[in-house]
Every structure is written in structure tokens, then in C-alpha cells.
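Taking it in order: structure first as C-alpha cells, then the write-up.
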Amino acid sequence: MTSYIKIPSHLTPSDPQGSELLARERSKATFDVNELTLALYGAEELSRFKRILKILESDPILDKSNIYYMGRTELFKYALRKDKRIIQLAATHKWNVDEFKIASRLVDMSGPYSIHQSMFLPTILGQGTEEQKRKFLNPAIRHEIIGCYAQTELGHGSNVQGLETTSTYIPETDEFEIHTPHLTAAKWWAGGLGRTANHSVVMARLITNGQDKGPHPFIVQIRDLTTHEPLPGITIGDIGPKFGFNTTDNGFMLFDHVRIPRFNMLSKFSQVTKGTGEYKKPPNEKLSYGTMVFVRSVIIFNAGLALARAATISVRYSAVRRQFVDKENPMILPNGQVVETAVLDYTMQQYRLFPVIAQAYAIYFTGEIITNLYKQYIDQSSRGDFSLLADLHASTSGLKSLTSGIAVDSIEDCRRACGGHGYSNFSGFTRFYQDYLPNTTWEGDNYILTQQTARYLFKTYREIIHSKQQSEEFSLRSNESPTIFYMLRYLSNPSQKCTVISPSDFKNPEVQLAIYGYRAAYLIARAVDQIDNHKKSWNSMLVEINRISRAHCQYILVHNFILTLQPQTSDSMNEKRRILHNSPSLKTVLTSVCNLFALHTMEKNLSEFLESGYLSPKQSEMLRVQISESLNEIRPNAVALVDAFYLPDYLLNSALGRYDGKVYETMIEWASKEPLNGITLDINPYSEKLFRNDVKAKI
Ligand SMILES: CCCCCCCCCC/C=C\C/C=C/C(=O)SCCNC(=O)CCNC(=O)[C@H](O)C(C)(C)COP(=O)(O)OP(=O)(O)OC[C@H]1O[C@@H](n2cnc3c(N)ncnc32)[C@H](O)[C@@H]1OP(=O)(O)O
Ligand SMILES: Cc1cc2nc3c(=O)[nH]c(=O)nc-3n(C[C@H](O)[C@H](O)[C@H](O)COP(=O)(O)OP(=O)(O)OC[C@H]3O[C@@H](n4cnc5c(N)ncnc54)[C@H](O)[C@@H]3O)c2cc1C
């Protein structure tokens with residue numbers, strides 16, 4: 001890349017250098033970073049990750065050094081080029097789906113093909129018959145057709161039942177007719193639709209024999225495979241500039257009585273019979289919403305990665321950035337020189353950043369558990385057993401909402417913790433944050449989704465209180481279900497109190513779970529009473545409902561973190577957990593991280609723990625003391641804990657979060673490449689000219 005300004009090469013940052021400061025931090029760690037990285041990835045995945053990283057880093061098309069200076073059209077072209085390149089590399093190196101995902105994660109830019117991979121393929125896979133998979137999935141995997149997922153409309157998104165696009169069965173020709181009856185029915189937002197896709201999953205109301213059977217998925221070819229123009233009766237365009245995600249062409253689409261073969265209704269679960277138009281119901285009404293459940297589970301896992309990335313940048317930078325001398329505890333170099341204090345040593349900075357490290361680990365572990373639960377559901381459903389669906393839907397809804405909300409808040413907290421430089425694109429936060437933001441909205445707005453979780457919790461609670469005679473059955477189920485466990489425990493004595501008598505008691509996992517469980521059950525019991533006995537409307541309870549979903553999901557995050565650290569029988573332990581359990585130093589540091597997560601989250605929601613009377617004001621003071629203690633425990637390991645995420649510079653693309661700590665050298669080098677620096681302006685206000693020269697390199 002061109003530099004427009006020559007920076008004097010004899011200048012270096014004042015001592016100590018960033019690299020030296022990070023080396024000191026790394027030498028303080030009480031555990032082996034490589035071992036923790038292995039426990040997070042597993043040996044096989046880590047070696048794949050390294051192999052793929054090497055290929056991407058050395059590929060000129062996937063070079064990221066120019067992207068901070070690009071406008072939308074340029075960025076979009078870059079995104080299309082890199083999407084094509086990843087597909088070419090995947091073919092060359094014979095990458096499987098997991099390897100493809102690793103490459104996409106590392107290249108880290110949504111693109112015109114993103115929704116093809118993340119929604120079009122999974123929808124056909126999950127909802128298509130074997131014949132449909134042969135017709136659509138195989139060419140889609142080979143990228144002979146490119147698809148998108150058009151569900152949301154201009155007038156409706158959250159309310160899927162309210163979608164207006166129709167798909168009417170025409171027995172005479174054995175076709176469906178897709179139609180947009182109103183402007184509000186225009187398909188809107190679908191990623192890749194604007195300029196790229198030639199096929200789409202279209203969610204439309206199935207009308208057969210005059211009866212409306214609600215939204216179902218259909219495959220519609222939308223563009224000509226040769227000219228790439230929209231097919232007759234279909235109007236398509238890009239929806240225009242957005243807050244972020246501008247490297248993807250989100251689009252709109254209108255249908256004017258467009259015919260498709262009956263075969264194109266994805267029919268794994270529900271079917272329309274040729275000629276008679278008879279409708280065969282799915283075994284579960286909501287199976288056509290399956291793609292959303294899948295993507296929500298991915299969003300939970302991705303939230304952990306986003307937090308790890310934000311924490312890595314801000315923690316490393318805070319170890320390098322120095323301001324003021326802490327006179328009571330000055331930073332002294334080996335040569336005796338007193339230097340300004342690293343901002344990471346200020347307790348306020350620790351209180352802002354270390355909980356983000358803890359959130360990253362907590363959500364990472366729950367993400368793994370949810371991914372496994374999803375796999376288990378797919379396995380069972382392939383044998384016609386859908387019994388896990390309701391639980392999976394409730395957990396993924398609430399956890400998607402909670403974890404993406406935490407990630408958005410914490411990315412911004414980490415950015416601000418980097419001071420002024422956090423506002424520069426070179427921080428690595430700008431596009432990362434902008435592109436992450438819609439995770440709180442897409443796949444179900446975060447406030448809407450909490451209603452799904454609360455509804456499930458109310459149902460479970462009602463089942464327990466109305467079936468006293470079955471209490472034995474519930475006791476048995478409580479061994480497997482932490483939800484039933486905390487509800488039963490609450491019901492056994494609703495006026496129980498927290499047993500903490502000293503700050504360190506808060507470190508006891510049993511105590512933590514009892515506190516979280518009591519708070520969730522108390523809120524649920526109160527809400528159910530309001531609805532059932534005081535006839536409160538659902539709408540009047542929405543704020544409480546949101547609180548309940550959050551309380552339950554925080555319980556789940558804490559529960560899963562504790563479970564991860566508990567000894568398990570060796571046969572149920574996978575390789576990653578074995579590494580963790582065989583290393584006392586890893587267990588010690590992760591226990592501190594787990595405690596910080598549980599206690600900091602408690603403090604942030606303190607009023608809910610206090611109002612039930614379970615926790616006393618005195619205990620809440622002890623909680624603060626223990627949080628401070630946990631921050632101290634983590635301090636020597638802060639940099640090592642983020643290093644263990646193994647997020648390479650290629651991914652971070654951040655001057656502040658570089659592994660080698662060369663923050664200042666990179667900031668000035670990247671600034672010298674700003675194309676504006678290559679322009680000499682004509683500043684005479686009476687001249688029509690803006691520039692004295694064309695944009696050209698000076699060096
Ligand atoms: C290679 C792979 C890489 C993957 C990377 C992924 C990364 C992410 C990239 C994606 C990027 C961007 C793409 C974005 C795409 C989109 O946004 S697509 C559009 C998504 N839209 C939504 O999510 C809409 C949200 N609304 C809804 O889901 C529903 O309408 C809502 C659940 C809010 C309400 O549904 P209703 O039909 O009205 O149902 P309700 O009456 O409330 O409930 C009835 C009953 O059904 C149960 N239920 C509801 N939904 C589901 C479901 N999905 N699964 C199972 N069960 C469900 C509900 O619990 C009720 O049950 P009950 O027993 O009667 O209580
Ligand atoms: C970048 C991006 C990419 C997207 N990609 C796709 C795609 O590929 N395919 C696709 O089909 N869609 C896509 N979407 C659309 C997305 O799924 C919807 O925007 C999302 O589901 C929210 O729906 P909505 O926009 O209708 O919000 P609305 O439902 O209109 O929400 C507006 C506000 O009303 C509140 N609200 C609504 N109903 C209730 C209620 N019952 N109770 C309480 N509060 C309520 C919400 O909380 C929210 O605050 C994308 C969106 C974005 C931003």
C-alpha cells in the first residue's frame with residue numbers, strides 16, 4: 001500500500017516499548033497459554049486453524065491492509081472478490097464445511113455470498129426432501145446457483161404469522177403462484193438478494209383450496225442464470241446504505257403472480273398433494289421455523305468470539321498504553337527508571353475490562369453446549385423425535401438475546417476503554433462493531449425473543465405447581481434439567497435466605513447457583529401469580545418478562561461455566577475438557593474467571609437479587625469485596641487469558657490489539673497511508689477547483 005507521508009525512521013516510541021510491556025505481562029502468567037488454547041480449540045481444530053490462517057495471510061486477494069480507506073462500492077467489490085476467492089481456495093485445498101467456516105471467520109467480512117452459506121444451504125438441508133436436495137442443494141453447494149433467504153417484509157419481520165406474501169396452489173397446472181399483494185408485503189432485508197442471488201428461499205403464506213395454512217418455505221428462481229437479470233414478474237433491488245453490514249447487498253423483492261412448480265415447496269415436513277391440493281400438516285407446527293433456531297444457536301457461539309476479540313484488543317492495548325504515574329505504586333523499569341503507569345493497572349480499567357474476558361469464556365462454553373444440543377436435536381429429529389425442539393427453541397431464543405446484547409454492550413465498552421484511539425478505524429473496532437450490531441435484531445429482535453423463553457418457563461412452572469402428585473417425576477427430571485432443579489428448590493421453601501457470611505463464601509459454586517436459581521424462580525413465581533391470579537395482561541407484563549428471560553439465561557451461563565470446570569467421568573469427557581481437568585493451573589485461573597463472571601453479573605443486576613429478600617444489603621457489600629478480590633486474582637493473567645483465544649493479527653486488523661504491542665509504530669504508519677494525505681487542496685474559497693493535484697503518491 002502507498003504511503004503519502006514520509007515518517008522519520010529514527011523515531012521510536014519512548015521506553016518501555018510495547019513489545020517489552022507485553023512480554024512482561026506474558027511472563028507473569030500463572031498458567032501455560034498454549035495449554036489453554038488447546039483446551040479451547042482441541043488439537044485438531046487448532047492445527048486446521050493454523051494451516052488455513054497461513055494460506056489466507058499470504059493470499060494477495062485477501063490482504064486487508066487497504067480496507068480502512070475504502071467507501072461502500074469499493075468495499076462491496078472487495079467483499080465479492082474475497083467471497084469468490086474463499087470458494088476457489090476451498091476447492092483447491094478441498095476444505096470441508098468446518099474448514100470453510102474457519103476461513104470465513106478469519107477473513108471476517110460479511111459478503112454477497114454470506115447468506116447463501118448461513119441460511120440458504122441450511123434451509124434446504126433442514127427442510128428439503130431427498131429429491132429437493134438433489135435438485136437444489138447439490139448445485140448450491142457447488143455454487144452453480146447462489147441463494148438468499150427472503151422472509152422479512154417491508155411491513156413485517158418479527159410477526160412471522162403476519163407475513164403477507166402469498167403462495168397459492170393452482171391445481172390445473174400443479175404450480176404455486178407467488179404474489180406480493182401490498183407494498184408492505186415487499187420482501188425486504190434479505191442478504192445477497194440486492195445484486196447477487198439467483199435463487200431465494202421465500203417464506204410465503206401457503207393458500208390451498210381457499211385455505212390459508214400460514215408461512216411456508218418455497219424455492220424461487222429469481223434471476224436469469226445467463227443474463228443475471230430478474231425473471232419476468234419479479235422486481236429486485238438493493239435496499240441502500242446501512243448502519244453497517246455494507247459489504248452485503250441486502251435487497252428488496254416484489255412478485256407479480258410468479259409461477260413456480262409445486263415441487264419447489266420445501267416439503268420435508270408438510271406437503272401439498274398434486275391435483276387435490278390436500279395439505280399434509282407437519283408433525284410440529286413450527287418446523288418451518290427451523291433455520292431460525294439453527295442460526296440463533298450460531299449467534300450464541302459467535303457472541304463468545306466477538307467478546308474474545310474485543311477483550312483481546314482492549315486488554316493488550318491497556319497493557320501498552322501508559323498515563324500518569326501512580327505515585328503510591330509506581331511502575332519501575334529494571335534500570336530503576338520510574339515510568340508512567342500502564343492503564344491496565346488502574347482498578348477502574350480492570351473493572352471495565354476483566355468482566356469482558358469473563359463473559360467471553362462464559363459464553364464460549366455455553367456456545368459449545370448449545371451447539372451440541374442442536375446436533376442432538378438434529379440427530380433425534382432425523383428419527384422423527386422432535387421432543388427437544390420446544391426446549392431448544394426456548395434456550396436459543398433467550399440466550400441469543402442475552403449473549404448478543406452482552407456482546408454489543410461490551411464491544412462498545414472495550415472501544416471506549418481504548419480512549420481516543422478507540423475511535424479510530426485503526427483500532428479494529430469500527431466495522432467490527434457496526435457489523436456485529438444487527439445480531440441484536442436479526443433472527444428475532446432481542447426483546448421479542450425473550451417472550452418465547454419466558455412463555456416456556458411459565459409453562460414449566462405451572463406444570464410443576466399444578467401436578468403436586470407428580471413431584472417425584474419432576475424430582476427425577478431435575479437431575480437433567482437445571483430449570484426444574486431451581487424451580488423445585490425455590491418451591492421447597494420460598495422464604496429461604498442466602499447463606500453467605502463472608503466475602504469468600506461467594507466463591508462457592510453451590511452458593512452462586514442457589515442465588516441465581518432463587519432469583520429466577522422468584523421472578524417467575526411472581527409473574528405467574530400476576531397473570532394467573534391477578535389477570536394481568538401479557539402486554540402489561542412485558543418488562544418483567546424480559547427480566548425473567550435474562551435471569552434464567554444468566555443462570556444457564558453460570559451453571560454451564562461451573563459444569564465445565566467440574567470433574568466429569570472420564571468417558572464423558574472430550575479431549576478439550578481432559579486438557580483442562582488435567583491441569584490444576586488452568587482450573588485455578590478459569591475458576592477465578594468463572595467467579596468474576598458470576599459475581600460481576602450479579603452486581604450488575606443487584607436490585608433483582610435484593611428485592612426478593614434472598615440477598616441482604618450486608619451481603620451485597622461482601623459481594624463487592626469479593627469482586628475486587630477476583631479482579632486482583634485475574635490481573636497477572638489478563639494478557640495471557642486473551643492471548644489464549646488465539647485471535648491472530650490477521651483477524652484483528654488492529655493497531656491497538658497487535659500481538660507484538662507495536663501500537664504507535666502502526667498508528668503512524670497506517671495514518672501515512674490515508675489517501676487524503678496524497679491530495680494538495682486548493683483552499684482559495686473563490687476558486688472552483690478543490691485539488692491542486694490528482695490523488696497520487698508522494699513517496
Ligand atoms: C455455515 C453456517 C454459518 C452460520 C453463520 C450464522 C451467522 C449469522 C449470519 C446471519 C446473518 C443475517 C441473516 C439474518 C437473517 C434474518 O434475520 S431471517 C429473518 C428472521 N426472522 C425472525 O427471526 C423473526 C422473529 N419472529 C419469530 O421467530 C416468531 O414470529 C416468534 C417466535 C416471535 C413468534 O412466533 P409465532 O408464530 O407468533 O408463535 P407464537 O404464537 O409466539 O408461538 C407458538 C408456538 O410456537 C413455538 N415457536 C415459535 N417459534 C418457534 C421456533 N422457531 N421453533 C420452535 N417452536 C417455536 C412457541 O414456543 C409456541 O409454542 P407453545 O408450545 O404453543 O407455547
Ligand atoms: C443487517 C440485517 C440483515 C438482515 N437479513 C435478513 C435476511 O437475510 N432475511 C430476512 O428475512 N430478514 C433479514 N433481516 C430482517 C430481520 O430479521 C428483522 O429486521 C428482525 O426480525 C426484526 O423485525 P422487524 O424489523 O420487523 O422489527 P419490528 O418487529 O418492527 O420491531 C420494532 C420494535 O418493536 C418492538 N416490538 C415489535 N413487536 C413487539 C411485541 N409483540 N412486543 C414487544 N415489542 C415489540 C421490537 O422490540 C422493536 O423494538 C435482516 C435485518 C438486518 C438489520
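Chain identifiers are assigned as A, B, and so on, following the order in which chains appear in the C-alpha cells; residues are numbered from 1 within each chain, and ligands are numbered from 1 in order of appearance.
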
* Which residues sit within 9 Å of ligand 2, counting only C-alpha atoms and all ligand atoms, listed as a PyMOL selection string? -> chain A and resi 115+119+148-160+187-193+202-203+242-246+248+250-251+435+437-449+451+539+542

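In terms of minimum interatomic distance to Leu125 (chain A), A:Leu137 ranks closest within A:Leu563, A:Leu137, A:Val97, A:Ile239, counting only C-alpha atoms.
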
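Here the question is which of A:Ile260, A:Ile363, A:Leu163, A:Met541 gets nearest to ligand 1 using only C-alpha atoms and all ligand atoms, and that residue is A:Leu163.
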
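Closest approach to ligand 1 among A:Gly233, A:Pro636, A:Gly111, A:Pro503 is made by A:Gly111 (distances from only C-alpha atoms and all ligand atoms).
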
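The residue that comes closest to ligand 1, out of A:Ser288, A:Thr37, A:Ser504, A:Ser382 and on the basis of only C-alpha atoms and all ligand atoms, is A:Ser288.
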
* Enumerate the residues of region 193-404 of chain A with a DSSP assignment of helix (DSSP H, G or I), computed from the backbone, and present them as a PyMOL selection string. => chain A and resi 262-264+287-320+343-345+347-381+389-404

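Rounded to one decimal, CA of Arg550 (chain A) and CA of Glu603 (chain A) lie 14.1 Å from each other.
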
Would you mind listing, for every residue of region 110-198 of chain A within 12 Å of region 210-223 of chain A, the two atoms forming the shortest contact and the distance between them in Å to one decimal, using only C-alpha atoms, sorted by chain and ascending residue number, as JSON lines?
{"residue": "A:Phe120", "atom": "CA", "partner": "A:Ile219", "partner_atom": "CA", "distance": 9.5}
{"residue": "A:Leu121", "atom": "CA", "partner": "A:Ile219", "partner_atom": "CA", "distance": 11.3}
{"residue": "A:Thr123", "atom": "CA", "partner": "A:Pro217", "partner_atom": "CA", "distance": 8.5}
{"residue": "A:Ile124", "atom": "CA", "partner": "A:Ile219", "partner_atom": "CA", "distance": 8.7}
{"residue": "A:Gly126", "atom": "CA", "partner": "A:Pro217", "partner_atom": "CA", "distance": 11.1}
{"residue": "A:Gln127", "atom": "CA", "partner": "A:Pro217", "partner_atom": "CA", "distance": 8.2}
{"residue": "A:Gly128", "atom": "CA", "partner": "A:Pro217", "partner_atom": "CA", "distance": 9.5}
{"residue": "A:Gln132", "atom": "CA", "partner": "A:Ile219", "partner_atom": "CA", "distance": 9.6}
{"residue": "A:Lys133", "atom": "CA", "partner": "A:Ile219", "partner_atom": "CA", "distance": 11.3}
{"residue": "A:Lys135", "atom": "CA", "partner": "A:Ile219", "partner_atom": "CA", "distance": 10.7}
{"residue": "A:Phe136", "atom": "CA", "partner": "A:Ile219", "partner_atom": "CA", "distance": 8.5}
{"residue": "A:Leu137", "atom": "CA", "partner": "A:Ile219", "partner_atom": "CA", "distance": 10.9}
{"residue": "A:Ala140", "atom": "CA", "partner": "A:Ile219", "partner_atom": "CA", "distance": 11.9}
{"residue": "A:Ile145", "atom": "CA", "partner": "A:Gln221", "partner_atom": "CA", "distance": 9.2}
{"residue": "A:Ile146", "atom": "CA", "partner": "A:Gln221", "partner_atom": "CA", "distance": 9.8}
{"residue": "A:Gly147", "atom": "CA", "partner": "A:Gln221", "partner_atom": "CA", "distance": 8.8}
{"residue": "A:Cys148", "atom": "CA", "partner": "A:Ile219", "partner_atom": "CA", "distance": 9.8}
{"residue": "A:Tyr149", "atom": "CA", "partner": "A:Pro217", "partner_atom": "CA", "distance": 9.4}
{"residue": "A:Ala150", "atom": "CA", "partner": "A:Pro217", "partner_atom": "CA", "distance": 9.3}
{"residue": "A:Gln151", "atom": "CA", "partner": "A:Pro217", "partner_atom": "CA", "distance": 8.7}
{"residue": "A:Thr152", "atom": "CA", "partner": "A:Pro215", "partner_atom": "CA", "distance": 11.3}
{"residue": "A:Asn159", "atom": "CA", "partner": "A:Pro215", "partner_atom": "CA", "distance": 10.8}
{"residue": "A:Val160", "atom": "CA", "partner": "A:Pro215", "partner_atom": "CA", "distance": 7.3}
{"residue": "A:Gln161", "atom": "CA", "partner": "A:Gly214", "partner_atom": "CA", "distance": 6.5}
{"residue": "A:Gly162", "atom": "CA", "partner": "A:Pro215", "partner_atom": "CA", "distance": 8.7}
{"residue": "A:Leu163", "atom": "CA", "partner": "A:Pro215", "partner_atom": "CA", "distance": 7.1}
{"residue": "A:Glu164", "atom": "CA", "partner": "A:Pro215", "partner_atom": "CA", "distance": 8.8}
{"residue": "A:Thr165", "atom": "CA", "partner": "A:Pro215", "partner_atom": "CA", "distance": 8.7}
{"residue": "A:Thr166", "atom": "CA", "partner": "A:Pro215", "partner_atom": "CA", "distance": 8.4}
{"residue": "A:Ser167", "atom": "CA", "partner": "A:Phe218", "partner_atom": "CA", "distance": 8.5}
{"residue": "A:Thr168", "atom": "CA", "partner": "A:Gly210", "partner_atom": "CA", "distance": 8.5}
{"residue": "A:Tyr169", "atom": "CA", "partner": "A:Gly210", "partner_atom": "CA", "distance": 9.0}
{"residue": "A:Ile170", "atom": "CA", "partner": "A:Gly210", "partner_atom": "CA", "distance": 10.6}
{"residue": "A:Pro171", "atom": "CA", "partner": "A:Gly210", "partner_atom": "CA", "distance": 11.8}
{"residue": "A:Glu175", "atom": "CA", "partner": "A:Phe218", "partner_atom": "CA", "distance": 11.6}
{"residue": "A:Phe176", "atom": "CA", "partner": "A:Phe218", "partner_atom": "CA", "distance": 9.3}
{"residue": "A:Glu177", "atom": "CA", "partner": "A:Val220", "partner_atom": "CA", "distance": 10.6}
{"residue": "A:Ile178", "atom": "CA", "partner": "A:Val220", "partner_atom": "CA", "distance": 8.9}
{"residue": "A:His179", "atom": "CA", "partner": "A:Val220", "partner_atom": "CA", "distance": 11.8}
{"residue": "A:Gly192", "atom": "CA", "partner": "A:Ile222", "partner_atom": "CA", "distance": 12.0}
{"residue": "A:Leu193", "atom": "CA", "partner": "A:Ile222", "partner_atom": "CA", "distance": 9.1}
{"residue": "A:Gly194", "atom": "CA", "partner": "A:Arg223", "partner_atom": "CA", "distance": 11.0}
{"residue": "A:Arg195", "atom": "CA", "partner": "A:Arg223", "partner_atom": "CA", "distance": 9.8}
{"residue": "A:Thr196", "atom": "CA", "partner": "A:Arg223", "partner_atom": "CA", "distance": 9.1}
{"residue": "A:Ala197", "atom": "CA", "partner": "A:Arg223", "partner_atom": "CA", "distance": 7.4}
{"residue": "A:Asn198", "atom": "CA", "partner": "A:Arg223", "partner_atom": "CA", "distance": 4.5}

* Asked: Excluding same-chain residues fewer than 4 positions from Glu629 (chain A), what lies within 10 Å of it counting only C-alpha atoms, as a ChimeraX atom specification?
  -> /A:503-504,592,596,623-625,633-634

* Selection near Thr273 (chain A), 12 Å with only C-alpha atoms, sequence-local residues under 4 positions removed, as a ChimeraX atom specification -> /A:169-171,174-175,208-209,262-263,265,267,277-281

Those same residues - C-alpha atoms - I'd like them written as a PDB file, in the first residue's frame.
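Now in out_36.pdb:
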ATOM      1  CA  TYR A 169     -51.681 -23.652  -5.210  1.00  0.00           C
ATOM      2  CA  ILE A 170     -53.033 -23.855  -8.782  1.00  0.00           C
ATOM      3  CA  PRO A 171     -54.239 -27.465  -9.289  1.00  0.00           C
ATOM      4  CA  ASP A 174     -49.745 -28.123 -10.481  1.00  0.00           C
ATOM      5  CA  GLU A 175     -47.939 -24.873  -9.628  1.00  0.00           C
ATOM      6  CA  THR A 208     -54.604 -24.182  -0.947  1.00  0.00           C
ATOM      7  CA  ASN A 209     -58.253 -24.935  -1.620  1.00  0.00           C
ATOM      8  CA  ARG A 262     -45.295 -27.498  -6.816  1.00  0.00           C
ATOM      9  CA  PHE A 263     -42.005 -29.341  -6.358  1.00  0.00           C
ATOM     10  CA  MET A 265     -42.317 -26.020  -1.797  1.00  0.00           C
ATOM     11  CA  SER A 267     -41.638 -30.478   1.742  1.00  0.00           C
ATOM     12  CA  GLY A 277     -54.234 -29.584  -3.194  1.00  0.00           C
ATOM     13  CA  GLU A 278     -54.703 -31.518   0.032  1.00  0.00           C
ATOM     14  CA  TYR A 279     -52.452 -30.187   2.788  1.00  0.00           C
ATOM     15  CA  LYS A 280     -50.457 -32.570   4.995  1.00  0.00           C
ATOM     16  CA  LYS A 281     -49.600 -30.964   8.321  1.00  0.00           C
TER      17      LYS A 281
END

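Minimum distance to Val325 (chain A) across A:Asp59, A:Asp238, A:Asp345, A:Glu412 (counting only C-alpha atoms) occurs at A:Asp345.
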
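Using only C-alpha atoms and all ligand atoms for every distance, the candidate list A:Gln323, A:Ser401, A:Asn637, A:Ser3 yields A:Ser401 as the residue closest to ligand 1.
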
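Residues in contact range of Gly517 (chain A), defined as at most 8 Å between only C-alpha atoms, with sequence neighbours fewer than 3 positions away removed, read Tyr486, Met487, Tyr490, Leu513, Ala514, Ala520, Ala521, His552 and Tyr555 of chain A.
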
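One distance worth recording is that between CA of Phe324 (chain A) and CA of Leu344 (chain A), which is 12.2 Å.
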
* In region 320-415 of chain A, what's strand (DSSP E or B) per DSSP? Answer as a PyMOL selection string? -> chain A and resi 322+331-332+338-339+342

* To do: Tell me, in Å to one decimal, how far CA of Gly613 (chain A) is from CA of Thr499 (chain A).
  => 12.3 Å
